[in-house]
Structures are given as C-alpha cells and as structure tokens.
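Visitor: Take a look at structure.tsv, TSV, C-alpha atoms and all ligand atoms:
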```tsv
chain	number	residue	atom	x	y	z
Y	1	MET	CA	71.61	119.72	4.27
Y	2	LYS	CA	74.31	117.34	3.20
Y	3	TYR	CA	74.27	115.29	0.05
Y	4	SER	CA	76.79	113.32	-1.94
Y	5	PRO	CA	76.27	112.91	-5.66
Y	6	ARG	CA	78.37	110.06	-7.03
Y	7	PHE	CA	79.99	109.69	-10.40
Y	8	ARG	CA	81.82	106.96	-12.27
Y	9	LEU	CA	85.52	107.47	-12.94
Y	10	PHE	CA	87.30	106.29	-16.07
Y	11	PRO	CA	90.96	106.13	-15.04
Y	12	THR	CA	93.75	105.05	-17.34
Y	13	GLU	CA	95.71	101.95	-16.38
Y	14	GLU	CA	98.41	104.14	-14.87
Y	15	GLN	CA	95.90	106.23	-12.90
Y	16	ARG	CA	94.20	103.10	-11.66
Y	17	ASP	CA	97.54	101.81	-10.34
Y	18	ALA	CA	98.16	105.15	-8.64
Y	19	MET	CA	94.75	105.06	-6.94
Y	20	ASP	CA	95.30	101.48	-5.81
Y	21	TRP	CA	98.71	102.40	-4.46
Y	22	GLN	CA	97.25	105.37	-2.61
Y	23	ARG	CA	94.39	103.38	-1.20
Y	24	ASP	CA	96.76	100.79	0.18
Y	25	THR	CA	99.22	103.32	1.56
Y	26	VAL	CA	96.39	105.11	3.34
Y	27	ARG	CA	95.16	101.78	4.68
Y	28	GLN	CA	98.59	101.05	6.15
Y	29	LEU	CA	98.61	104.50	7.71
Y	30	TYR	CA	95.20	103.85	9.23
Y	31	ASN	CA	96.39	100.57	10.74
Y	32	HIS	CA	99.52	102.23	12.06
Y	33	ALA	CA	97.52	105.08	13.60
Y	34	LEU	CA	95.09	102.61	15.15
Y	35	ARG	CA	97.98	100.79	16.86
Y	36	GLU	CA	99.29	104.09	18.21
Y	37	PHE	CA	95.81	105.08	19.33
Y	38	ASN	CA	95.35	101.86	21.26
Y	39	ASN	CA	98.54	102.67	23.22
Y	40	ILE	CA	97.09	105.92	24.50
Y	41	PRO	CA	95.30	105.50	27.84
Y	42	GLU	CA	91.64	106.39	27.68
Y	43	ASP	CA	91.97	108.99	30.42
Y	44	ALA	CA	94.59	110.90	28.43
Y	45	GLY	CA	91.90	113.02	26.85
Y	46	THR	CA	88.68	113.02	24.90
Y	47	LEU	CA	88.37	110.80	21.87
Y	48	ARG	CA	88.92	113.79	19.65
Y	49	GLN	CA	92.02	114.90	21.56
Y	50	ARG	CA	93.53	111.43	21.47
Y	51	VAL	CA	92.92	111.03	17.73
Y	52	TRP	CA	94.25	114.50	17.01
Y	53	SER	CA	97.40	113.84	18.99
Y	54	ILE	CA	98.18	111.09	16.49
Y	55	ARG	CA	97.22	113.24	13.57
Y	56	ASP	CA	99.73	115.82	14.81
Y	57	THR	CA	102.56	113.28	14.48
Y	58	LEU	CA	102.04	113.02	10.72
Y	59	PRO	CA	104.77	115.51	9.74
Y	60	ALA	CA	107.33	113.63	11.87
Y	61	LEU	CA	106.07	110.30	10.57
Y	62	LYS	CA	106.95	111.32	7.02
Y	63	ASP	CA	110.64	111.36	7.96
Y	64	TRP	CA	110.84	107.62	8.40
Y	65	TRP	CA	107.93	106.76	6.09
Y	66	PRO	CA	108.84	108.61	2.86
Y	67	ASP	CA	105.88	107.19	0.88
Y	68	LEU	CA	103.61	109.46	2.90
Y	69	ASN	CA	105.18	112.45	1.14
Y	70	LYS	CA	103.53	111.26	-2.05
Y	71	VAL	CA	100.03	111.57	-0.52
Y	72	TYR	CA	98.16	114.87	-0.17
Y	73	SER	CA	98.17	116.07	3.44
Y	74	THR	CA	94.40	116.22	4.00
Y	75	VAL	CA	94.08	112.66	2.68
Y	76	LEU	CA	96.47	111.50	5.41
Y	77	GLN	CA	94.63	113.53	8.03
Y	78	LYS	CA	91.28	112.11	7.01
Y	79	ALA	CA	92.66	108.57	7.26
Y	80	VAL	CA	93.72	109.13	10.87
Y	81	GLU	CA	90.46	110.89	11.72
Y	82	ARG	CA	88.60	107.90	10.41
Y	83	ILE	CA	89.47	106.19	13.70
Y	84	ARG	CA	87.23	108.65	15.46
Y	85	ASP	CA	84.38	108.16	12.96
Y	86	ASN	CA	84.64	104.39	13.28
Y	87	ILE	CA	84.64	104.50	17.07
Y	88	ASN	CA	81.60	106.75	17.04
Y	89	ASN	CA	79.88	104.32	14.71
Y	90	LEU	CA	80.77	101.42	16.99
Y	91	GLY	CA	79.22	103.38	19.84
Y	92	LYS	CA	76.01	103.77	17.88
Y	93	LEU	CA	75.93	100.06	17.12
Y	94	LYS	CA	76.49	99.25	20.79
Y	95	ALA	CA	73.72	101.63	21.76
Y	96	ASN	CA	71.46	99.71	19.40
Y	97	GLY	CA	72.27	96.46	21.15
Y	98	TYR	CA	74.79	95.03	18.69
Y	99	ASP	CA	77.64	92.97	20.03
Y	100	VAL	CA	80.72	94.77	18.77
Y	101	GLY	CA	84.36	94.38	19.64
Y	102	SER	CA	86.96	97.10	19.42
Y	103	LEU	CA	88.20	98.48	16.14
Y	104	ASN	CA	90.05	96.03	13.97
Y	105	TRP	CA	92.85	96.28	11.51
Y	106	LYS	CA	91.69	96.87	7.99
Y	107	LYS	CA	92.58	94.24	5.44
Y	108	PRO	CA	92.99	95.41	1.86
Y	109	ARG	CA	89.49	94.43	0.80
Y	110	GLU	CA	88.01	96.23	3.80
Y	111	TYR	CA	89.60	99.55	3.02
Y	112	ARG	CA	88.20	100.83	-0.22
Y	113	SER	CA	88.34	104.59	-0.18
Y	114	PHE	CA	90.31	107.72	0.56
Y	115	THR	CA	89.18	111.32	0.96
Y	116	TYR	CA	90.44	114.79	0.08
Y	117	ARG	CA	89.16	117.58	2.29
Y	118	GLN	CA	88.75	121.25	1.30
Y	119	SER	CA	91.72	121.34	-1.05
Y	120	GLY	CA	93.94	119.26	-3.28
Y	121	PHE	CA	91.22	118.68	-5.86
Y	122	GLU	CA	89.64	120.50	-8.74
Y	123	LEU	CA	86.85	119.68	-11.12
Y	124	ASP	CA	86.96	120.54	-14.77
Y	125	THR	CA	83.49	119.80	-16.10
Y	126	LYS	CA	84.24	119.63	-19.79
Y	127	SER	CA	87.84	119.00	-20.84
Y	128	GLY	CA	87.81	115.20	-20.54
Y	129	PRO	CA	87.60	112.74	-23.43
Y	130	ASN	CA	84.19	111.94	-24.99
Y	131	GLY	CA	82.53	114.96	-23.42
Y	132	ARG	CA	83.50	113.86	-19.94
Y	133	GLY	CA	84.84	115.98	-17.13
Y	134	LEU	CA	88.19	115.74	-15.42
Y	135	LEU	CA	88.79	115.27	-11.73
Y	136	ILE	CA	92.17	116.82	-10.96
Y	137	LEU	CA	93.84	115.42	-7.86
Y	138	LYS	CA	97.08	116.66	-6.38
Y	139	LYS	CA	99.68	114.28	-4.95
Y	140	LEU	CA	98.05	111.06	-6.05
Y	141	ASN	CA	101.06	108.77	-5.62
Y	142	GLY	CA	103.26	111.82	-5.87
Y	143	LYS	CA	101.80	113.44	-8.96
Y	144	THR	CA	98.89	115.61	-10.02
Y	145	ARG	CA	96.58	113.45	-12.11
Y	146	GLU	CA	93.57	114.26	-14.25
Y	147	ILE	CA	91.05	111.45	-14.16
Y	148	PRO	CA	88.14	111.36	-16.61
Y	149	VAL	CA	84.78	111.38	-14.87
Y	150	ARG	CA	81.25	110.98	-16.19
Y	151	LEU	CA	79.24	113.90	-14.80
Y	152	HIS	CA	75.59	113.38	-15.50
Y	153	ARG	CA	74.27	116.54	-13.96
Y	154	ASP	CA	75.32	120.02	-12.98
Y	155	LEU	CA	77.36	120.29	-9.84
Y	156	PRO	CA	77.15	123.18	-7.41
Y	157	ALA	CA	79.93	125.72	-7.19
Y	158	HIS	CA	83.35	124.35	-6.31
Y	159	GLU	CA	83.42	126.08	-2.94
Y	160	GLN	CA	80.41	124.06	-1.86
Y	161	ILE	CA	82.33	120.81	-2.29
Y	162	LYS	CA	83.67	120.01	1.16
Y	163	GLU	CA	85.16	116.62	0.49
Y	164	VAL	CA	85.99	114.35	-2.40
Y	165	THR	CA	85.98	110.63	-1.74
Y	166	LEU	CA	87.35	108.08	-4.18
Y	167	LYS	CA	86.07	104.59	-3.74
Y	168	LYS	CA	86.82	101.31	-5.43
Y	169	GLU	CA	83.80	99.05	-5.56
Y	170	ALA	CA	84.06	95.29	-5.22
Y	171	THR	CA	83.55	95.11	-8.99
Y	172	GLY	CA	86.83	96.99	-9.45
Y	173	ALA	CA	85.12	100.14	-10.75
Y	174	TRP	CA	86.12	103.45	-9.22
Y	175	TYR	CA	83.64	106.14	-8.19
Y	176	VAL	CA	83.99	109.62	-6.83
Y	177	SER	CA	81.50	111.22	-4.49
Y	178	PHE	CA	81.42	114.90	-3.64
Y	179	CYS	CA	80.28	115.79	-0.18
Y	180	ILE	CA	78.29	118.98	-0.52
Y	181	LYS	CA	76.76	121.00	2.26
Y	182	THR	CA	74.01	123.48	1.43
Y	183	ASP	CA	70.70	124.60	2.83
Y	184	ALA	CA	69.06	122.70	0.01
Y	185	PRO	CA	70.70	121.54	-3.17
Y	186	PRO	CA	70.38	124.35	-5.68
Y	187	LYS	CA	68.29	123.86	-8.78
Y	188	PRO	CA	70.15	124.92	-11.90
Y	189	ASN	CA	69.13	128.20	-13.55
Y	190	PRO	CA	66.71	127.44	-16.37
Y	191	GLU	CA	68.80	129.37	-18.88
Y	192	ASP	CA	71.81	127.20	-18.02
Y	193	ILE	CA	69.96	123.94	-18.53
Y	194	ASP	CA	70.75	121.97	-21.66
Y	195	SER	CA	67.42	120.96	-23.18
Y	196	GLU	CA	68.78	117.41	-23.46
Y	197	ASP	CA	69.04	117.28	-19.66
Y	198	THR	CA	65.27	117.53	-19.37
Y	199	VAL	CA	62.61	114.89	-19.74
Y	200	GLY	CA	58.87	114.84	-20.41
Y	201	LEU	CA	56.84	112.11	-18.70
Y	202	ASP	CA	53.55	110.88	-20.07
Y	203	LEU	CA	51.75	109.10	-17.24
Y	204	GLY	CA	49.48	106.48	-18.70
Y	205	VAL	CA	46.82	103.91	-17.99
Y	206	LEU	CA	48.36	101.01	-19.89
Y	207	LYS	CA	51.99	101.79	-19.13
Y	208	PHE	CA	53.03	103.70	-16.05
Y	209	VAL	CA	55.32	106.15	-17.82
Y	210	HIS	CA	56.48	106.80	-21.34
Y	211	ASP	CA	59.27	109.38	-21.37
Y	212	SER	CA	60.60	111.67	-24.09
Y	213	ASP	CA	63.88	109.72	-24.24
Y	214	GLY	CA	61.97	106.67	-25.38
Y	215	ARG	CA	61.70	104.61	-22.19
Y	216	SER	CA	58.46	102.86	-21.54
Y	217	VAL	CA	58.10	101.82	-17.91
Y	218	GLN	CA	55.52	99.09	-17.35
Y	219	ARG	CA	53.03	99.16	-14.51
Y	220	LEU	CA	53.86	97.20	-11.41
Y	221	GLU	CA	52.71	93.60	-11.80
Y	222	LEU	CA	50.67	92.77	-8.70
Y	223	SER	CA	48.34	90.04	-9.96
Y	224	ASP	CA	49.95	87.39	-7.73
Y	225	ASP	CA	49.44	89.57	-4.68
Y	226	ARG	CA	45.88	90.37	-5.72
Y	227	GLU	CA	45.06	86.69	-6.05
Y	228	ARG	CA	46.59	85.99	-2.68
Y	229	LEU	CA	44.62	88.88	-1.20
Y	230	GLU	CA	41.35	87.52	-2.57
Y	231	ARG	CA	42.17	84.08	-1.24
Y	232	GLU	CA	42.95	85.40	2.23
Y	233	GLN	CA	39.83	87.57	2.21
Y	234	ARG	CA	37.63	84.61	1.23
Y	235	SER	CA	39.16	82.64	4.05
Y	236	LEU	CA	38.49	85.52	6.45
Y	237	SER	CA	34.82	85.67	5.48
Y	238	ARG	CA	34.43	81.97	6.37
Y	239	LYS	CA	35.74	82.45	9.91
Y	240	GLN	CA	33.62	83.37	12.87
Y	241	HIS	CA	33.79	87.10	13.36
Y	242	GLY	CA	35.83	88.01	16.45
Y	243	SER	CA	37.24	84.51	17.05
Y	244	ASN	CA	40.97	83.84	17.49
Y	245	ASN	CA	41.15	82.28	14.03
Y	246	TRP	CA	39.37	85.27	12.57
Y	247	GLU	CA	41.82	87.65	14.27
Y	248	GLN	CA	44.81	85.72	12.94
Y	249	GLN	CA	43.36	85.70	9.46
Y	250	ARG	CA	42.57	89.41	9.66
Y	251	GLN	CA	46.22	90.07	10.38
Y	252	ARG	CA	47.23	87.95	7.41
Y	253	VAL	CA	44.99	90.05	5.15
Y	254	ALA	CA	46.48	93.24	6.57
Y	255	GLY	CA	49.95	91.83	5.88
Y	256	VAL	CA	49.19	91.26	2.21
Y	257	HIS	CA	47.78	94.78	1.94
Y	258	ALA	CA	50.90	96.25	3.54
Y	259	ARG	CA	53.21	94.30	1.25
Y	260	MET	CA	51.39	95.51	-1.86
Y	261	SER	CA	51.48	99.07	-0.64
Y	262	ASN	CA	55.20	98.85	0.12
Y	263	LYS	CA	55.92	97.50	-3.35
Y	264	LYS	CA	54.05	100.38	-4.96
Y	265	GLN	CA	55.83	102.98	-2.83
Y	266	ASP	CA	59.22	101.43	-3.47
Y	267	PHE	CA	58.58	101.40	-7.22
Y	268	LYS	CA	57.54	105.06	-7.31
Y	269	HIS	CA	60.39	106.24	-5.10
Y	270	LYS	CA	63.02	104.46	-7.19
Y	271	LEU	CA	61.56	105.84	-10.39
Y	272	ALA	CA	61.36	109.38	-8.96
Y	273	HIS	CA	64.92	109.10	-7.68
Y	274	PHE	CA	66.11	108.01	-11.11
Y	275	TYR	CA	64.45	110.86	-13.00
Y	276	THR	CA	65.41	113.61	-10.55
Y	277	THR	CA	69.06	112.56	-10.37
Y	278	GLU	CA	69.45	111.87	-14.09
Y	279	TYR	CA	67.86	115.13	-15.28
Y	280	ASP	CA	67.85	118.81	-14.36
Y	281	ALA	CA	64.14	119.23	-15.06
Y	282	VAL	CA	61.25	116.79	-15.19
Y	283	PHE	CA	58.00	117.81	-16.86
Y	284	VAL	CA	54.63	116.23	-16.17
Y	285	GLU	CA	51.08	117.14	-17.05
Y	286	ASP	CA	48.95	119.13	-14.63
Y	287	LEU	CA	46.98	116.28	-13.11
Y	288	ASN	CA	44.08	118.47	-11.98
Y	289	VAL	CA	43.35	119.22	-15.61
Y	290	LYS	CA	44.39	115.85	-16.95
Y	291	GLY	CA	42.01	114.10	-14.55
Y	292	MET	CA	39.09	116.18	-15.83
Y	293	LEU	CA	40.00	115.52	-19.43
Y	294	GLU	CA	40.02	111.76	-19.05
Y	295	SER	CA	36.63	110.09	-18.92
Y	296	PRO	CA	35.58	108.83	-15.49
Y	297	GLN	CA	36.16	105.16	-16.07
Y	298	ASN	CA	37.08	103.03	-13.14
Y	299	ALA	CA	40.49	102.04	-14.49
Y	300	ARG	CA	41.36	105.70	-15.07
Y	301	ASN	CA	40.29	106.74	-11.60
Y	302	LYS	CA	42.53	104.10	-10.13
Y	303	ALA	CA	45.39	105.18	-12.34
Y	304	GLU	CA	44.83	108.76	-11.31
Y	305	VAL	CA	45.34	107.96	-7.62
Y	306	GLY	CA	48.65	106.38	-8.55
Y	307	TRP	CA	49.65	109.40	-10.66
Y	308	ARG	CA	48.94	111.86	-7.86
Y	309	ASP	CA	50.95	109.83	-5.45
Y	310	PHE	CA	53.83	109.60	-7.93
Y	311	ARG	CA	53.59	113.32	-8.62
Y	312	MET	CA	54.09	114.10	-4.90
Y	313	ILE	CA	56.97	111.66	-4.58
Y	314	LEU	CA	58.56	113.25	-7.66
Y	315	GLU	CA	58.26	116.69	-6.05
Y	316	HIS	CA	59.93	115.42	-2.87
Y	317	HIS	CA	62.85	113.91	-4.78
Y	318	GLY	CA	63.12	117.03	-6.91
Y	319	GLU	CA	63.70	119.14	-3.79
Y	320	LYS	CA	66.17	116.63	-2.43
Y	321	ASN	CA	68.15	116.30	-5.64
Y	322	GLY	CA	68.01	119.84	-6.96
Y	323	CYS	CA	65.85	119.03	-9.96
Y	324	HIS	CA	62.97	121.15	-11.29
Y	325	VAL	CA	59.62	119.37	-11.36
Y	326	VAL	CA	57.25	121.41	-13.53
Y	327	GLU	CA	53.64	120.89	-14.52
Y	328	VAL	CA	52.43	121.68	-18.02
Y	329	GLU	CA	49.04	122.11	-19.67
Y	330	PRO	CA	47.83	118.65	-20.69
Y	331	ARG	CA	45.23	119.71	-23.28
Y	332	GLY	CA	46.04	118.20	-26.66
Y	333	THR	CA	49.32	116.48	-25.72
Y	334	THR	CA	48.07	113.30	-27.33
Y	335	LYS	CA	46.41	114.82	-30.40
Y	336	GLU	CA	49.09	117.31	-31.31
Y	337	CYS	CA	51.98	116.25	-33.55
Y	338	ALA	CA	55.23	116.87	-31.68
Y	339	GLU	CA	56.98	117.56	-34.96
Y	340	CYS	CA	54.60	119.98	-36.71
Y	341	SER	CA	51.84	120.76	-34.11
Y	342	VAL	CA	48.97	119.70	-36.37
Y	343	GLU	CA	46.18	118.04	-34.38
Y	344	THR	CA	44.67	114.66	-35.22
Y	345	GLN	CA	41.91	112.85	-33.34
Y	346	LYS	CA	43.03	109.58	-31.77
Y	347	PRO	CA	40.83	107.11	-29.91
Y	348	LEU	CA	42.63	105.31	-27.07
Y	349	TRP	CA	42.99	102.09	-29.08
Y	350	VAL	CA	45.14	103.81	-31.69
Y	351	ARG	CA	48.60	103.20	-30.26
Y	352	GLU	CA	50.58	104.89	-33.01
Y	353	HIS	CA	50.92	108.53	-33.83
Y	354	SER	CA	51.03	108.94	-37.59
Y	355	CYS	CA	50.83	112.54	-38.73
Y	356	PRO	CA	48.83	113.15	-41.94
Y	357	SER	CA	50.47	116.54	-42.31
Y	358	CYS	CA	54.23	115.92	-41.90
Y	359	GLY	CA	54.39	112.12	-41.87
Y	360	PHE	CA	55.97	111.86	-38.39
Y	361	GLU	CA	55.37	108.37	-37.04
Y	362	VAL	CA	56.01	107.34	-33.46
Y	363	ASP	CA	54.41	105.57	-30.52
Y	364	ARG	CA	51.38	107.53	-29.35
Y	365	ASP	CA	52.64	108.00	-25.80
Y	366	TRP	CA	56.11	108.96	-26.94
Y	367	ASN	CA	54.58	111.70	-29.09
Y	368	ALA	CA	52.71	112.93	-25.99
Y	369	ALA	CA	55.94	112.85	-23.94
Y	370	PHE	CA	57.67	114.98	-26.60
Y	371	ASN	CA	54.84	117.51	-26.40
Y	372	ILE	CA	55.10	117.56	-22.61
Y	373	GLN	CA	58.85	118.13	-22.83
Y	374	GLN	CA	58.46	120.99	-25.32
Y	375	ARG	CA	55.76	122.64	-23.21
Y	376	GLY	CA	58.06	122.27	-20.21
Y	377	TRP	CA	60.87	124.07	-22.03
Y	378	ASN	CA	58.59	127.04	-22.69
Y	379	ARG	CA	57.14	127.01	-19.21
Y	380	LEU	CA	60.51	126.89	-17.43
Y	381	GLY	CA	62.44	128.95	-19.95
Y	382	VAL	CA	64.89	126.34	-21.22
Y	383	VAL	CA	66.73	127.26	-24.40
Y	384	HIS	CA	65.82	124.67	-27.04
Y	385	SER	CA	68.38	122.65	-28.91
Y	386	GLU	CA	68.07	122.28	-32.65
Y	387	GLY	CA	67.20	118.58	-32.52
Y	388	THR	CA	63.65	117.62	-33.43
Y	389	PRO	CA	61.56	114.78	-31.99
Y	390	ALA	CA	61.70	113.01	-35.36
Y	391	GLU	CA	65.49	112.79	-35.17
Y	392	THR	CA	65.44	111.44	-31.63
Y	393	ALA	CA	62.63	108.99	-32.26
Y	394	THR	CA	64.15	107.51	-35.39
Y	395	ALA	CA	67.58	107.22	-33.79
Y	396	THR	CA	66.36	104.95	-30.97
Y	397	ASP	CA	63.65	102.40	-30.40
Y	398	THR	CA	61.40	102.48	-27.40
Y	399	LEU	CA	63.09	100.73	-24.50
Y	400	GLU	CA	60.66	98.61	-22.55
Y	401	VAL	CA	61.49	98.70	-18.85
Y	402	SER	CA	59.71	96.31	-16.53
Y	403	ALA	CA	58.57	97.48	-13.11
Y	404	SER	CA	60.60	94.73	-11.46
Y	405	CYS	CA	63.68	96.11	-13.17
Y	406	VAL	CA	62.93	99.44	-11.47
Y	407	CYS	CA	62.29	97.78	-8.11
Y	408	ARG	CA	65.51	95.80	-8.21
Y	409	GLY	CA	67.25	99.14	-8.56
Y	410	ASN	CA	68.52	98.13	-11.99
Y	411	LEU	CA	68.31	101.64	-13.21
Y	412	ASP	CA	71.52	101.39	-15.20
Y	413	ARG	CA	69.33	99.91	-17.86
Y	414	LEU	CA	67.26	103.07	-17.77
Y	415	SER	CA	70.30	105.29	-18.21
Y	416	ASP	CA	71.73	103.18	-21.02
Y	417	ALA	CA	68.69	104.06	-23.08
Y	418	VAL	CA	69.92	107.56	-23.82
P	501	ZN	ZN	53.19	116.39	-37.99
```
Just dump the structure as structure tokens.
Guide:
Amino acid sequence: MKYSPRFRLFPTEEQRDAMDWQRDTVRQLYNHALREFNNIPEDAGTLRQRVWSIRDTLPALKDWWPDLNKVYSTVLQKAVERIRDNINNLGKLKANGYDVGSLNWKKPREYRSFTYRQSGFELDTKSGPNGRGLLILKKLNGKTREIPVRLHRDLPAHEQIKEVTLKKEATGAWYVSFCIKTDAPPKPNPEDIDSEDTVGLDLGVLKFVHDSDGRSVQRLELSDDRERLEREQRSLSRKQHGSNNWEQQRQRVAGVHARMSNKKQDFKHKLAHFYTTEYDAVFVEDLNVKGMLESPQNARNKAEVGWRDFRMILEHHGEKNGCHVVEVEPRGTTKECAECSVETQKPLWVREHSCPSCGFEVDRDWNAAFNIQQRGWNRLGVVHSEGTPAETATATDTLEVSASCVCRGNLDRLSDAV
C-alpha cells in the first residue's frame, strides 16, 4: 500500500527563494532532457532504456551546466525520469479516448514540484520553531537547509519514506508530501500517543457530531431535496402506471434519491477523512448499546442508521490513514460530569451541562464528548495529559461547523478550531 501524507512548510524568505530556484532549474533540466529524448529514435530501445540513456548523461551535463552541481543527484534523476511517467500517463489518457498530443515543454507555472528519492533528506520531528518539525534537505540550491514543517500526526519510520516531494501550490504556499510504502499504514502505539492527538465524538440527533475539541458539526441540510422529492413523487402518482411519461418521471425520482444519497456519503467520507488524518485515535460510543439506551422514537431510529453508516466509514478511513477507531461504553456519557464524574439526570431538552457538585458548565454534548474521550484513553491505554476538560472548555468556545462547509472540503476551518 502506498500513501502520501502531506504537510505545510513554513520556509524563511531565503529558503523560499532557494526552493523557487531549484524548482526552476529542475524545470529547465526537464525541458532539456525532453528535447534530447525526442531526438532518440523510437526503435533505439524501450521507453525505459531511452529515458535512462539520458539520465546517464547527467554527470557529463554538469560540466557545462554548473548550476546542476547545486542540486541533489536524485532530484535531477527524478526530473529526467518524469518524462517516462508523463508518457505513461499520456498513454493512459489515449487509451481512455482522450485526444492528446506529444509531451510539451513545461512553462514555469506548469512545473511546480521536485522530488528527492531515498536519500538527501531527513526529518526532525521536534526541533523546529513553535513546536514544528524540520525538514532537512541536502543540496537545495547548493546548501543543506532546514525548513520548518507543520507535522500534524506521527510519521512512520524514516526508512519507510521512499520519496519526498516539495510542491508549490498556485497560492504560493509550499507543501511537502512523503511517499510511504507499507502493507498498511501503521497505527501508532497507544503508549506513544499524546492524549491531545485523540478525539471523542458524540454522535447526536440534533447535531451530527460534537467533538471533544469543541467542534459542533451540523446535520446535512436536505430539506430542499426532500421537497423536490415529494414534488416529483406526487407527479409520479398522477401519471398512468407503466406509460412513457410514468417511466420518465420514475427515473427523475430515482435521480433525486441518488443525489441525496451521494450528498450524505460525501459528507460522511469527508468528515471521517478529516478525523482520521487529524488525530491518532478517534473514540465513539458503542452503537449497539447506545441504540438500546435511546428510546425508540422515529427520529432516533433514523439518526441511528446514519450513525452506523458513519461508524463503518470511520473504520475504513482509520485503516487507510493509520488511525485507531475505538468504541467505548456509552452508559452515562451524558449524565456524568466530565470534570468530577458525579452523575446528574438530564432530559434531552436540557442543552447545558451544569454540575451541582463541582460547578463545571459546558454544552451538554461537549461534556459527553469529553467523557467519550476519557473512556477511550482508558480503553486504548493512552497516557493522560494533566489538562482537564474545564480548562479546555473555558479556553475555547464551541465552533459551529455547517455540513456544507464539510462538503466543500473546507476542513481548514475544522483544524483551526484547535
Ligand atoms: Zn462536576
């Protein structure tokens, strides 16, 4: 399995210039190599052989192109090999019926990245400024440079990192992605997990999720689609069963159904992706028990179907992203005070938790999410930090996140909350 976690870089002005210089030098090399490649007759060898024959000229090339000496050797090799990747991709496009020409020169805005392979890089996870890591790159415009990087989750062992790609986005921001090949991404050892890198999720009826970091994610708003569905269904019932008009209308109804279902799936997948990439462990209540605890009202039953679906999607993303997804006992998560464990009865309409024993006051669902997180720590064996829920909850307000914000992929807003 191959995956590529991506992290934001925070280069200094000088480092930024060096990366821009390197990106452009590598681009020029690519264009040069492409010109050479096009001069080689196709029958001179396989694609790989022809591309490698150019790669083999790199040492000689450095004699008349001294700037290449300031670039790490595997970065140069990767740039030449990119010709082969691009031709293979063109082939795939052609196979899919796209009209594609031959490979073109890359203009500056079309060439945004360069890649180190196997060596020439190191990752220091903690010596950067503001708790950041450092990405150490050799021969970046001639010098070894240490670029601050925001690492938001544990990385696998260094030897599993096959390639490091630096990319400048159109916004001007630089990112690094690590190409990692494993059987499955490893989940961090529970004893190595920082309790702050875990999250408790309270799945609700009124909101979809309230998490222990204070985010409240609204349910998906589908009332427009529901109205449309009713309209189309009414229209269907007026048509003569089995007629052409009826068949057309039936398809329209099916279309609305499919669109609603896609929206729901998309929403849950994006949310699950966010939580399993942002955290090392995600804790949720055991839904088999939770379902029995909740009274069998229609709204709850509907919500429960959604929870189960989300729970499975979460599991899938957890495996993919190397994140623990752990179920905890749901009994009393709402009643118990997350600060002092004293239980208080709370009907559903009481939206605030206000503890008569210790005075802890917080949103009812947030209190439940704290309890879920703490139970998760015990269940998984995460060493607790000294912070208490009261400190966290008073330091930040609940952040309301709309479902459309999740669906647009605007999850930066979710990460800014913590
Ligand atoms: Zn209390």
Visitor: Counting only C-alpha atoms and all ligand atoms, what are the residues of chain Y within 7 Å of ligand ZN 501 (chain P), and for each of them which pair of atoms is the nearest and at what distance in Å, to one decimal? Sort the table by chain and rising number, as JSON lines.
Guide:
```
{"residue": "Y:Cys337", "atom": "CA", "partner": "P:ZN501", "partner_atom": "ZN", "distance": 4.6}
{"residue": "Y:Ala338", "atom": "CA", "partner": "P:ZN501", "partner_atom": "ZN", "distance": 6.6}
{"residue": "Y:Glu339", "atom": "CA", "partner": "P:ZN501", "partner_atom": "ZN", "distance": 5.0}
{"residue": "Y:Cys340", "atom": "CA", "partner": "P:ZN501", "partner_atom": "ZN", "distance": 4.1}
{"residue": "Y:Ser341", "atom": "CA", "partner": "P:ZN501", "partner_atom": "ZN", "distance": 6.0}
{"residue": "Y:Val342", "atom": "CA", "partner": "P:ZN501", "partner_atom": "ZN", "distance": 5.6}
{"residue": "Y:Cys355", "atom": "CA", "partner": "P:ZN501", "partner_atom": "ZN", "distance": 4.6}
{"residue": "Y:Pro356", "atom": "CA", "partner": "P:ZN501", "partner_atom": "ZN", "distance": 6.7}
{"residue": "Y:Ser357", "atom": "CA", "partner": "P:ZN501", "partner_atom": "ZN", "distance": 5.1}
{"residue": "Y:Cys358", "atom": "CA", "partner": "P:ZN501", "partner_atom": "ZN", "distance": 4.1}
{"residue": "Y:Gly359", "atom": "CA", "partner": "P:ZN501", "partner_atom": "ZN", "distance": 5.9}
{"residue": "Y:Phe360", "atom": "CA", "partner": "P:ZN501", "partner_atom": "ZN", "distance": 5.3}
```
Visitor: Measure the distance from CA of Asn378 in chain Y to CA of Glu343 in chain Y in Å and round it to one decimal.
Guide: 19.3 Å
Visitor: Go through range 67-93 of chain Y residue by residue and, counting only C-alpha atoms, keep those with an atom at most 8 Å from range 33-56 of chain Y; for each kept residue give the shortest atom pair and its distance in Å to one decimal, ordered by chain and increasing number, as a tab-separated table.
Guide:
```
residue	atom	partner	partner_atom	distance
Y:Gln77	CA	Y:Arg55	CA	6.1
Y:Val80	CA	Y:Arg55	CA	6.0
Y:Glu81	CA	Y:Val51	CA	6.5
Y:Ile83	CA	Y:Leu34	CA	6.8
Y:Arg84	CA	Y:Val51	CA	6.6
```
Visitor: Would you please work out which residue, of Y:Lys143, Y:Lys264, Y:His241, Y:Lys320, is nearest to Thr276 in chain Y when using only C-alpha atoms?
Guide: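 Among the listed residues, the smallest separation from Thr276 in chain Y belongs to Y:Lys320.
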Visitor: Tell me which of Y:Asn262, Y:Phe208, Y:Glu327, Y:Lys270 sits closest to Glu304 in chain Y, counting all atoms listed in the file.
Guide: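 Of Y:Asn262, Y:Phe208, Y:Glu327, Y:Lys270, the one nearest Glu304 in chain Y is Y:Phe208, counting all atoms listed in the file.
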Visitor: For a quick check of understanding, using all atoms listed in the file, which of Y:Leu201, Y:Val209, Y:Leu9, Y:Cys407 has the smallest distance to Pro129 in chain Y?
Guide: Y:Leu9
Visitor: At most 9 Å from (55.6, 97.8, -15.7), file frame, all atoms listed in the file: which residues, as a list in words?
Guide: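 Final list of nearby residues, as requested, is Leu206, Lys207, Phe208, Val209, Ser216, Val217, Gln218, Arg219, Leu220, Glu221, Glu400, Val401, Ser402, Ala403, Ser404, Cys405 and Val406 of chain Y.
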Visitor: Do you have the CA of Lys187 in chain Y-CA of Cys323 in chain Y distance handy?
Guide: 5.5 Å
Visitor: Return the single residue from Y:Ile147, Y:Leu271, Y:Val326, Y:Val253 that is closest to Ile313 in chain Y, with distances computed using only C-alpha atoms.
Guide: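 Selected residue with least distance to Ile313 in chain Y: Y:Leu271.
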